[in-house]
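*Asks:* See run.txt below, with compact mmCIF, C-alpha atoms.
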```txt
# COMPACT_ATOMS: atom_id res chain seq x y z
CA MET A 663 48.66 -51.93 18.82
CA ARG A 664 46.23 -49.08 18.00
CA LEU A 665 47.76 -48.67 14.53
CA ARG A 666 47.39 -52.39 13.83
CA TYR A 667 43.82 -52.34 15.15
CA ASN A 668 42.88 -49.35 12.94
CA ALA A 669 44.51 -50.93 9.90
CA ALA A 670 42.61 -54.17 10.52
CA MET A 671 39.34 -52.26 10.90
CA ASN A 672 39.95 -50.32 7.68
CA THR A 673 40.73 -53.54 5.82
CA LYS A 674 37.57 -55.15 7.18
CA THR A 675 35.47 -52.08 6.22
CA LYS A 676 36.86 -52.12 2.69
CA ARG A 677 36.13 -55.80 2.33
CA GLY A 678 32.58 -55.20 3.60
CA ALA A 679 32.06 -52.38 1.12
CA ARG A 680 33.34 -54.54 -1.73
CA ALA A 681 31.05 -57.36 -0.68
CA LEU A 682 28.03 -55.04 -0.63
CA PHE A 683 28.98 -53.59 -4.02
CA ALA A 684 29.32 -57.10 -5.44
CA LEU A 685 25.70 -57.89 -4.48
CA CYS A 686 24.36 -55.56 -7.22
CA PRO A 687 27.19 -53.69 -9.00
CA ALA A 688 25.05 -52.35 -11.86
CA ALA A 689 22.51 -50.86 -9.44
CA HIS A 690 25.26 -49.22 -7.40
CA VAL A 691 26.81 -47.67 -10.50
CA LEU A 692 23.45 -46.45 -11.79
CA ALA A 693 22.54 -44.94 -8.42
CA LEU A 694 25.91 -43.18 -8.12
CA LEU A 695 25.84 -41.83 -11.67
CA SER A 696 22.22 -40.71 -11.35
CA GLY A 697 22.86 -39.05 -8.01
CA ALA A 698 25.87 -37.25 -9.49
CA GLY A 699 23.79 -36.14 -12.47
CA ILE A 700 21.04 -34.78 -10.23
CA ALA A 701 23.56 -32.94 -8.07
CA LEU A 702 25.21 -31.51 -11.20
CA PHE A 703 21.84 -30.30 -12.50
CA PHE A 704 20.98 -28.49 -9.28
CA ALA A 705 24.48 -27.02 -9.13
CA LEU A 706 24.31 -25.67 -12.69
CA ARG A 707 20.61 -24.76 -12.98
CA LYS A 708 21.29 -21.07 -12.25
CA ASN A 709 23.65 -20.91 -15.25
CA ALA A 710 21.17 -19.15 -17.54
CA ALA A 711 23.31 -19.42 -20.68
CA LEU A 712 23.77 -23.17 -20.24
CA MET A 713 20.09 -23.80 -19.49
CA ARG A 714 18.98 -21.69 -22.46
CA GLY A 715 21.39 -23.54 -24.70
CA LEU A 716 20.24 -26.97 -23.53
CA SER A 717 16.52 -26.16 -23.69
CA GLY A 718 16.55 -24.14 -26.91
CA SER A 719 19.17 -25.93 -28.99
CA LEU A 720 18.90 -29.50 -27.74
CA LEU A 721 15.71 -30.38 -25.86
CA HIS A 722 13.09 -28.38 -27.74
CA PRO A 723 14.18 -29.62 -31.21
CA LEU A 724 14.40 -33.15 -29.77
CA HIS A 725 10.86 -32.93 -28.35
CA LEU A 726 9.47 -31.62 -31.63
CA ARG A 727 10.99 -34.60 -33.47
CA LEU A 728 9.79 -37.04 -30.83
CA ALA A 729 6.29 -35.58 -31.07
CA ALA A 730 6.24 -36.23 -34.80
CA LEU A 731 7.52 -39.80 -34.29
CA THR A 732 5.03 -40.80 -31.59
CA ALA A 733 2.04 -38.99 -33.15
CA PRO A 734 0.98 -41.87 -35.48
CA LEU A 735 0.56 -44.26 -32.52
CA PRO A 736 -3.17 -44.63 -31.69
CA PHE A 737 -2.35 -44.84 -27.98
CA SER A 738 -0.16 -42.96 -25.55
CA LEU A 739 3.29 -44.53 -25.54
CA GLY A 740 4.16 -42.47 -22.48
CA GLU A 741 1.20 -43.80 -20.51
CA LEU A 742 2.08 -47.35 -21.56
CA LEU A 743 5.70 -46.95 -20.44
CA TYR A 744 4.65 -45.51 -17.09
CA ALA A 745 2.08 -48.28 -16.57
CA LEU A 746 4.59 -51.00 -17.44
CA ALA A 747 7.23 -49.44 -15.20
CA ILE A 748 4.86 -49.20 -12.23
CA ALA A 749 3.44 -52.70 -12.77
CA GLY A 750 6.90 -54.19 -13.28
CA THR A 751 8.21 -52.53 -10.14
CA PHE A 752 5.34 -53.84 -8.02
CA VAL A 753 5.76 -57.37 -9.43
CA TYR A 754 9.50 -57.22 -8.75
CA ILE A 755 8.96 -56.01 -5.17
CA LEU A 756 6.36 -58.73 -4.53
CA ALA A 757 8.61 -61.45 -5.96
CA GLU A 758 11.57 -60.28 -3.90
CA LEU A 759 9.50 -60.15 -0.72
CA VAL A 760 8.33 -63.72 -1.31
CA LEU A 761 11.93 -64.87 -1.78
CA LEU A 762 12.95 -62.83 1.23
CA PHE A 763 10.73 -64.87 3.52
CA ARG A 764 11.19 -68.24 1.81
CA LYS A 765 14.93 -68.26 1.13
CA GLY A 766 17.98 -67.56 3.20
CA ARG A 767 20.31 -64.56 3.20
CA ARG A 768 17.49 -62.17 4.01
CA ALA A 769 19.78 -59.23 4.79
CA GLU A 770 21.50 -59.52 1.41
CA ARG A 771 18.21 -59.81 -0.48
CA LEU A 772 16.72 -56.84 1.34
CA TYR A 773 19.81 -54.73 0.67
CA ARG A 774 19.77 -55.66 -3.02
CA LEU A 775 16.07 -54.80 -3.29
CA LEU A 776 16.51 -51.39 -1.66
CA VAL A 777 19.57 -50.46 -3.75
CA ARG A 778 17.84 -51.44 -7.00
CA LEU A 779 14.74 -49.43 -6.11
CA LEU A 780 16.91 -46.45 -5.17
CA ALA A 781 18.78 -46.73 -8.48
CA LEU A 782 15.46 -46.84 -10.37
CA VAL A 783 14.09 -43.74 -8.63
CA LEU A 784 17.31 -41.77 -9.01
CA GLY A 785 17.67 -42.84 -12.65
CA VAL A 786 14.16 -41.74 -13.61
CA TYR A 787 14.50 -38.45 -11.73
CA ALA A 788 17.88 -37.74 -13.34
CA LEU A 789 16.34 -38.25 -16.80
CA PHE A 790 13.40 -36.06 -15.81
CA CYS A 791 15.76 -33.26 -14.76
CA LEU A 792 17.46 -33.45 -18.14
CA PHE A 793 14.36 -33.89 -20.32
CA TRP A 794 12.07 -31.43 -18.52
CA GLY A 795 13.63 -29.69 -15.53
CA VAL A 796 16.02 -27.78 -17.77
CA TYR A 797 13.05 -25.91 -19.31
CA TYR A 798 12.26 -24.25 -15.98
CA TYR A 799 15.60 -22.43 -16.12
CA GLY A 800 15.78 -21.74 -19.85
CA ALA A 801 14.07 -18.94 -21.75
CA ASP A 802 10.39 -18.93 -20.76
CA PHE A 803 7.42 -18.02 -22.94
CA ALA A 804 7.42 -14.40 -21.74
CA GLU A 805 11.04 -13.96 -22.74
CA GLN A 806 10.65 -15.65 -26.13
CA SER A 807 7.34 -14.04 -27.09
CA GLY A 808 7.68 -10.58 -25.56
CA VAL A 809 4.38 -11.00 -23.69
CA GLN A 810 4.93 -9.67 -20.18
CA ALA A 811 2.68 -9.85 -17.14
CA ARG A 812 2.42 -6.67 -15.10
CA ALA A 813 0.94 -5.63 -11.80
CA VAL A 814 -2.81 -5.14 -12.22
CA SER A 815 -5.34 -3.12 -10.29
CA VAL A 816 -8.48 -4.55 -8.69
CA GLU A 817 -10.55 -2.50 -11.16
CA GLU A 818 -8.73 -4.09 -14.12
CA LEU A 819 -9.12 -7.54 -12.60
CA GLU A 820 -12.84 -6.97 -12.14
CA ARG A 821 -13.31 -5.66 -15.68
CA VAL A 822 -11.49 -8.58 -17.31
CA THR A 823 -13.39 -11.07 -15.12
CA VAL A 824 -16.67 -9.48 -16.26
CA TYR A 825 -15.39 -9.66 -19.83
CA PHE A 826 -14.71 -13.39 -19.69
CA ALA A 827 -18.05 -13.97 -17.97
CA ALA A 828 -19.70 -12.18 -20.88
CA ARG A 829 -17.72 -14.25 -23.39
CA LEU A 830 -18.79 -17.40 -21.56
CA ASN A 831 -22.41 -16.37 -21.96
CA ASP A 832 -21.79 -15.64 -25.65
CA TYR A 833 -20.27 -19.06 -26.35
CA ALA A 834 -22.56 -21.10 -24.06
CA PRO A 835 -25.32 -21.61 -26.71
CA CYS A 836 -22.69 -22.73 -29.25
CA VAL A 837 -21.72 -26.00 -27.55
CA ALA A 838 -23.68 -29.25 -27.34
CA ARG A 839 -25.73 -29.69 -24.16
CA ASP A 840 -27.82 -32.37 -22.47
CA ASP A 841 -31.38 -32.08 -21.14
CA LEU A 842 -30.05 -30.52 -17.93
CA GLY A 843 -28.25 -27.80 -19.86
CA ARG A 844 -24.76 -29.18 -19.16
CA CYS A 845 -21.98 -29.04 -21.75
CA ARG A 846 -21.65 -32.31 -23.64
CA THR A 847 -18.92 -31.54 -26.13
CA GLU A 848 -17.66 -34.77 -27.72
CA ARG A 849 -14.15 -35.39 -26.46
CA ALA A 850 -13.23 -37.50 -29.49
CA ALA A 851 -14.17 -34.63 -31.81
CA VAL A 852 -12.17 -32.15 -29.73
CA LEU A 853 -9.12 -34.42 -29.90
CA GLU A 854 -9.59 -34.92 -33.63
CA ARG A 855 -9.40 -31.16 -34.17
CA SER A 856 -6.49 -30.65 -31.76
CA PRO A 857 -3.66 -30.78 -34.36
CA ALA A 858 -4.79 -27.44 -35.81
CA LEU A 859 -5.28 -25.77 -32.43
CA MET A 860 -1.87 -24.10 -32.17
CA ARG A 861 -1.75 -22.94 -35.80
CA GLU A 862 -2.92 -19.35 -35.36
CA VAL A 863 -1.14 -18.67 -32.08
CA SER A 864 2.16 -20.09 -33.38
CA ALA A 865 1.92 -17.81 -36.42
CA ARG A 866 1.63 -14.91 -33.99
CA TYR A 867 4.33 -16.26 -31.66
CA PRO A 868 6.89 -18.31 -33.64
CA CYS A 869 8.37 -19.73 -30.43
CA LEU A 870 5.26 -21.95 -30.27
CA ALA A 871 5.81 -23.48 -33.72
CA GLY A 872 5.87 -27.26 -33.97
CA PRO A 873 4.39 -30.33 -35.68
CA GLU A 874 0.59 -30.44 -35.74
CA VAL A 875 -0.13 -33.54 -33.68
CA ARG A 876 -3.17 -34.51 -31.64
CA ALA A 877 -3.42 -34.83 -27.90
CA LYS A 878 -4.08 -38.36 -26.66
CA PRO A 879 -6.75 -39.58 -24.21
CA MET A 880 -5.54 -41.61 -21.27
CA LEU A 881 -6.67 -45.15 -20.55
CA PHE A 882 -6.20 -44.66 -16.80
CA SER A 883 -8.17 -41.41 -16.68
CA LYS A 884 -10.13 -42.36 -13.56
CA PHE A 885 -6.89 -42.97 -11.70
CA MET A 886 -5.60 -39.57 -12.85
CA SER A 887 -8.72 -37.97 -11.38
CA LEU A 888 -8.07 -39.80 -8.13
CA ILE A 889 -4.63 -38.18 -7.85
CA ASP A 890 -5.97 -34.80 -9.05
CA PHE A 891 -4.46 -34.64 -12.55
CA THR A 892 -6.32 -33.52 -15.67
CA GLY A 893 -3.42 -34.48 -17.93
CA PHE A 894 0.33 -34.62 -18.27
CA PHE A 895 3.06 -34.08 -20.82
CA CYS A 896 5.46 -37.01 -21.09
CA PRO A 897 8.94 -35.56 -21.73
CA PHE A 898 10.32 -38.96 -22.74
CA THR A 899 7.87 -39.43 -25.65
CA ALA A 900 6.79 -35.79 -26.21
CA GLU A 901 3.09 -36.71 -26.01
CA ALA A 902 0.35 -34.47 -24.67
CA ASN A 903 -1.88 -36.76 -22.58
CA VAL A 904 -5.29 -35.76 -21.26
CA ASN A 905 -7.64 -37.20 -18.67
CA ALA A 906 -10.82 -38.17 -20.54
CA ASP A 907 -13.07 -38.70 -17.53
CA PHE A 908 -13.76 -35.29 -15.96
CA PRO A 909 -16.67 -33.11 -17.21
CA PRO A 910 -16.25 -31.94 -20.82
CA ALA A 911 -16.65 -28.18 -20.25
CA LEU A 912 -12.95 -27.81 -19.38
CA PHE A 913 -11.69 -30.68 -21.52
CA ALA A 914 -10.77 -28.63 -24.60
CA ALA A 915 -8.82 -26.10 -22.51
CA THR A 916 -6.94 -28.99 -20.88
CA VAL A 917 -6.01 -30.28 -24.34
CA ALA A 918 -4.66 -26.82 -25.16
CA HIS A 919 -2.75 -26.70 -21.87
CA GLU A 920 -0.96 -30.00 -22.54
CA LEU A 921 -0.24 -29.04 -26.16
CA SER A 922 1.34 -25.84 -24.80
CA HIS A 923 3.72 -28.00 -22.79
CA GLN A 924 4.45 -29.96 -25.96
CA ARG A 925 5.49 -26.71 -27.66
CA GLY A 926 8.02 -26.02 -24.89
CA VAL A 927 5.98 -23.95 -22.42
CA ALA A 928 7.02 -25.50 -19.11
CA ARG A 929 5.66 -23.16 -16.44
CA GLU A 930 2.08 -23.92 -15.44
CA ASP A 931 0.94 -20.30 -15.30
CA GLU A 932 2.24 -19.68 -18.81
CA ALA A 933 0.78 -22.94 -20.13
CA ASN A 934 -2.65 -21.91 -18.85
CA PHE A 935 -2.33 -18.49 -20.45
CA VAL A 936 -1.13 -19.94 -23.78
CA ALA A 937 -4.04 -22.42 -23.66
CA VAL A 938 -6.56 -19.56 -23.39
CA LEU A 939 -4.73 -17.58 -26.06
CA ALA A 940 -4.56 -20.54 -28.48
CA CYS A 941 -8.22 -21.48 -28.06
CA LEU A 942 -9.49 -17.95 -28.63
CA GLU A 943 -7.14 -17.35 -31.56
CA ASN A 944 -8.33 -20.60 -33.12
CA GLY A 945 -11.97 -19.55 -32.87
CA ASP A 946 -13.44 -23.05 -32.54
CA ALA A 947 -16.55 -22.70 -30.34
CA ASP A 948 -15.83 -25.78 -28.20
CA TYR A 949 -12.28 -24.64 -27.54
CA ALA A 950 -13.27 -20.99 -27.03
CA TYR A 951 -16.00 -21.82 -24.51
CA SER A 952 -13.67 -24.09 -22.57
CA ALA A 953 -10.89 -21.48 -22.59
CA CYS A 954 -13.23 -18.76 -21.34
CA MET A 955 -14.29 -21.06 -18.51
CA LEU A 956 -10.66 -21.76 -17.59
CA ALA A 957 -9.90 -18.03 -17.63
CA PHE A 958 -13.04 -17.17 -15.64
CA ILE A 959 -12.21 -19.71 -12.91
CA HIS A 960 -8.73 -18.26 -12.39
CA LEU A 961 -9.88 -14.66 -12.64
CA GLY A 962 -12.92 -15.30 -10.48
CA ASN A 963 -10.86 -16.93 -7.74
CA ALA A 964 -8.51 -13.95 -7.75
CA LEU A 965 -11.38 -11.45 -7.71
CA TYR A 966 -13.15 -13.29 -4.89
CA SER A 967 -10.01 -13.10 -2.76
CA VAL A 968 -9.90 -9.30 -2.97
CA LYS A 969 -13.50 -8.28 -3.67
CA PRO A 970 -16.02 -11.03 -2.82
CA ALA A 971 -19.13 -8.91 -3.42
CA ALA A 972 -17.96 -8.02 -6.93
CA TYR A 973 -17.35 -11.68 -7.71
CA ARG A 974 -20.84 -12.64 -6.53
CA MET A 975 -22.37 -10.04 -8.83
CA VAL A 976 -20.36 -11.34 -11.77
CA TYR A 977 -21.32 -14.93 -10.97
CA GLU A 978 -25.01 -14.06 -10.76
CA GLY A 979 -24.77 -12.62 -14.26
CA LEU A 980 -23.67 -15.96 -15.71
CA ALA A 981 -26.12 -17.94 -17.82
CA ASP A 982 -27.78 -20.89 -16.08
CA THR A 983 -26.03 -23.28 -18.45
CA VAL A 984 -22.63 -21.87 -17.48
CA LYS A 985 -23.49 -22.22 -13.80
CA ALA A 986 -24.54 -25.82 -14.46
CA ASP A 987 -21.12 -26.55 -15.98
CA LEU A 988 -19.27 -24.94 -13.08
CA GLU A 989 -21.33 -26.91 -10.57
CA GLU A 990 -20.81 -30.18 -12.43
CA ASN A 991 -17.07 -29.59 -12.46
CA ARG A 992 -17.07 -28.79 -8.73
CA SER A 993 -19.15 -31.87 -7.87
CA TYR A 994 -16.98 -34.16 -9.97
CA TRP A 995 -13.74 -33.22 -8.23
CA ALA A 996 -15.37 -33.16 -4.78
CA GLN A 997 -15.94 -36.92 -4.97
CA PHE A 998 -12.19 -37.50 -5.07
CA GLU A 999 -11.39 -35.64 -1.87
CA SER A 1000 -9.33 -38.18 0.04
CA PRO A 1001 -5.96 -38.73 1.73
CA VAL A 1002 -4.66 -40.12 -1.58
CA ARG A 1003 -5.50 -36.89 -3.37
CA ALA A 1004 -4.02 -34.82 -0.53
CA VAL A 1005 -0.75 -36.79 -0.71
CA SER A 1006 -0.63 -36.51 -4.51
CA THR A 1007 -1.25 -32.75 -4.39
CA GLY A 1008 1.40 -32.33 -1.70
CA MET A 1009 3.93 -34.30 -3.72
CA TYR A 1010 3.24 -32.22 -6.82
CA GLU A 1011 3.59 -29.01 -4.84
CA GLY A 1012 6.92 -30.29 -3.60
CA PHE A 1013 7.94 -31.11 -7.18
CA LEU A 1014 7.10 -27.59 -8.38
CA GLN A 1015 8.90 -26.02 -5.46
CA SER A 1016 11.99 -28.15 -6.10
CA TYR A 1017 12.24 -26.32 -9.43
CA GLU A 1018 11.70 -22.99 -7.66
CA GLN A 1019 8.08 -22.68 -8.77
CA ASN A 1020 7.60 -21.28 -5.30
CA LEU A 1021 3.84 -20.77 -5.45
CA GLY A 1022 3.38 -24.53 -5.66
CA MET A 1023 -0.07 -25.44 -6.94
CA ARG A 1024 -1.06 -21.80 -6.51
CA SER A 1025 1.25 -20.96 -9.42
CA TYR A 1026 -1.65 -21.89 -11.69
CA GLY A 1027 -3.31 -18.68 -10.48
CA ALA A 1028 -0.33 -16.61 -11.60
CA CYS A 1029 -1.75 -16.67 -15.15
CA VAL A 1030 -4.24 -14.05 -13.92
CA ASP A 1031 -1.63 -11.32 -14.39
CA TYR A 1032 -1.06 -12.47 -17.97
CA LEU A 1033 -4.77 -12.59 -18.70
CA VAL A 1034 -5.45 -9.12 -17.32
CA SER A 1035 -2.39 -7.63 -19.02
CA CYS A 1036 -3.30 -9.15 -22.37
CA TYR A 1037 -7.08 -8.73 -22.37
CA ALA A 1038 -7.62 -5.44 -20.49
CA ALA A 1039 -7.76 -3.38 -23.68
CA GLU A 1040 -9.95 -5.96 -25.44
CA ALA A 1041 -12.32 -5.97 -22.46
CA GLY A 1042 -12.60 -2.17 -22.60
CA ALA A 1043 -13.34 -2.27 -26.34
CA TYR A 1044 -15.89 -5.07 -25.87
CA PHE A 1045 -17.94 -3.10 -23.37
CA ALA A 1046 -17.52 0.16 -25.29
CA ILE A 1047 -19.04 -1.49 -28.36
CA GLY A 1048 -21.86 -2.86 -26.23
CA GLN A 1049 -22.62 0.63 -24.88
CA ILE A 1050 -22.60 2.08 -28.39
CA GLU A 1051 -25.02 -0.61 -29.58
CA GLN A 1052 -27.31 0.06 -26.62
CA LYS A 1053 -27.32 3.78 -27.38
CA GLY A 1054 -28.00 3.10 -31.07
CA ALA A 1055 -30.92 0.88 -30.16
```
Please render this file's structure as structure tokens.

*Replies:*
Amino acid sequence: MRLRYNAAMNTKTKRGARALFALCPAAHVLALLSGAGIALFFALRKNAALMRGLSGSLLHPLHLRLAALTAPLPFSLGELLYALAIAGTFVYILAELVLLFRKGRRAERLYRLLVRLLALVLGVYALFCLFWGVYYYGADFAEQSGVQARAVSVEELERVTVYFAARLNDYAPCVARDDLGRCRTERAAVLERSPALMREVSARYPCLAGPEVRAKPMLFSKFMSLIDFTGFFCPFTAEANVNADFPPALFAATVAHELSHQRGVAREDEANFVAVLACLENGDADYAYSACMLAFIHLGNALYSVKPAAYRMVYEGLADTVKADLEENRSYWAQFESPVRAVSTGMYEGFLQSYEQNLGMRSYGACVDYLVSCYAAEAGAYFAIGQIEQKGA
């Protein structure tokens, strides 16, 4: 009797599974394949040879070609696709919920809705793992370029922070300003000049070579500010997208940051460093001022954490116009402090940590080691020349 009972139960379970599968077979298949692809990625991500091969021989050449193809479009194709996907998903959910309460078979409709949404999320994430996640485990910028970060002393950190503060003061009079002394660089002009931005740095580091294409402003920039994003690189269209709403002092450096991603620099700390490097190598005053501000913020935060009094002295030495830009930037982002921003930041930290970027959002500060390592000698020479000039005077 027990054997017959178990056999009957197994038969009933199989029939139930088949019936559920028949409700939305395509969604089930997509969810299973996507889940398997995600699991395979996480199982193989430590295979350095495979990840280097995929990122260097397949993805990077593909992204360079995609960048050239999408460049002529006057709008961001990536932003459009994301907007359509989000809007379409919300419309679909709303329509299904209406049918759920107006029609019969509510359990079946609810199950179908949930499976389709799961398949969509898993499908997008699986593609993201392939088109971008692989870069995190391939050869990074340090390995390809030979530029290595090293442990730095507090004295070196202080000197390089002072150096970038001095460079900020040097470039401050070179950018357009309003009656209150705040930077008013024209974003459209910065974007127009963005194709040439990586030219000098890619000649120095061939791993950064690629088509000269412009970064694109985002239509939903205000929304990006709400969720604490200054830009994003779309791996499906190879477009560098930038938030065009936040204060312009850091806009040019953000353009450089997203273009660094477009050239295959995945890690945030390295993208920040390459952004500073590219802007200063290029020599454009708008880009150079913005890059020095980006560098100073990261260096200053690091210096304040270990030597607050030294940071305050450096800050007091900044020009009033530079202080005005820093205050405007702080005030702008303060208005978006909200639970929505906290959730968005937490989700992004979780995303970074899922790819073993274990510092989370703090990984942006890791570029400090690169900056100090790269600019320590230049900082020493800068101040030595200043001392010589003072003695000559």

*Asks:* Restricting the calculation to all atoms listed in the file: of A:Tyr799, A:Gly962, A:Pro734, A:Ala781, which residue gets closest to Gly715 (chain A)?

*Replies:* A:Tyr799

*Asks:* Would you please work out which residue, of A:Asp1031, A:Glu758, A:Glu920, A:Glu901, is nearest to Ala940 (chain A) when using all atoms listed in the file?

*Replies:* A:Glu920

*Asks:* Which of these residues is nearest to Ala906 (chain A), using all atoms listed in the file: A:Val837, A:Ala850, A:Leu956, A:Ala933?

*Replies:*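 Among the listed residues, A:Ala850 lies closest to Ala906 (chain A).
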
*Asks:* Could I get the residues of region 868-966 of chain A with an atom no further than 12 Å from an atom of region 717-732 of chain A, each paired with its nearest atom pair and that distance in Å to one decimal, using all atoms listed in the file, sorted by chain and residue number, as a Markdown table?

*Replies:*
```
| residue | atom | partner | partner_atom | distance |
| --- | --- | --- | --- | --- |
| A:Cys869 | CA | A:Gly718 | CA | 9.9 |
| A:Leu870 | CA | A:His722 | CA | 10.4 |
| A:Ala871 | CA | A:Leu726 | CA | 9.2 |
| A:Gly872 | CA | A:Leu726 | CA | 6.1 |
| A:Pro873 | CA | A:Ala730 | CA | 6.2 |
| A:Glu874 | CA | A:Ala730 | CA | 8.1 |
| A:Val875 | CA | A:Ala730 | CA | 7.0 |
| A:Arg876 | CA | A:Ala729 | CA | 9.5 |
| A:Ala877 | CA | A:Ala729 | CA | 10.2 |
| A:Lys878 | CA | A:Thr732 | CA | 10.6 |
| A:Phe895 | CA | A:Ala729 | CA | 10.9 |
| A:Cys896 | CA | A:His725 | CA | 9.9 |
| A:Pro897 | CA | A:His725 | CA | 7.4 |
| A:Phe898 | CA | A:His725 | CA | 8.3 |
| A:Thr899 | CA | A:Leu728 | CA | 6.0 |
| A:Ala900 | CA | A:Ala729 | CA | 4.9 |
| A:Glu901 | CA | A:Ala729 | CA | 6.1 |
| A:Ala902 | CA | A:Ala729 | CA | 8.8 |
| A:Asn903 | CA | A:Ala729 | CA | 11.8 |
| A:Leu921 | CA | A:Ala729 | CA | 10.5 |
| A:His923 | CA | A:His725 | CA | 10.3 |
| A:Gln924 | CA | A:His725 | CA | 7.5 |
| A:Arg925 | CA | A:Leu726 | CA | 7.5 |
| A:Gly926 | CA | A:His722 | CA | 6.3 |
| A:Val927 | CA | A:His722 | CA | 9.9 |
| A:Ala928 | CA | A:Ser717 | CA | 10.6 |
```

*Asks:* Enumerate, as a ChimeraX atom specification, the protein, DNA and RNA residues whose atoms approach (-9.4, -23.9, -32.1) to within 10 Å, taking into account all atoms listed in the file and the coordinate frame of the file.

*Replies:* /A:852,855-863,914-915,918,939-950,953
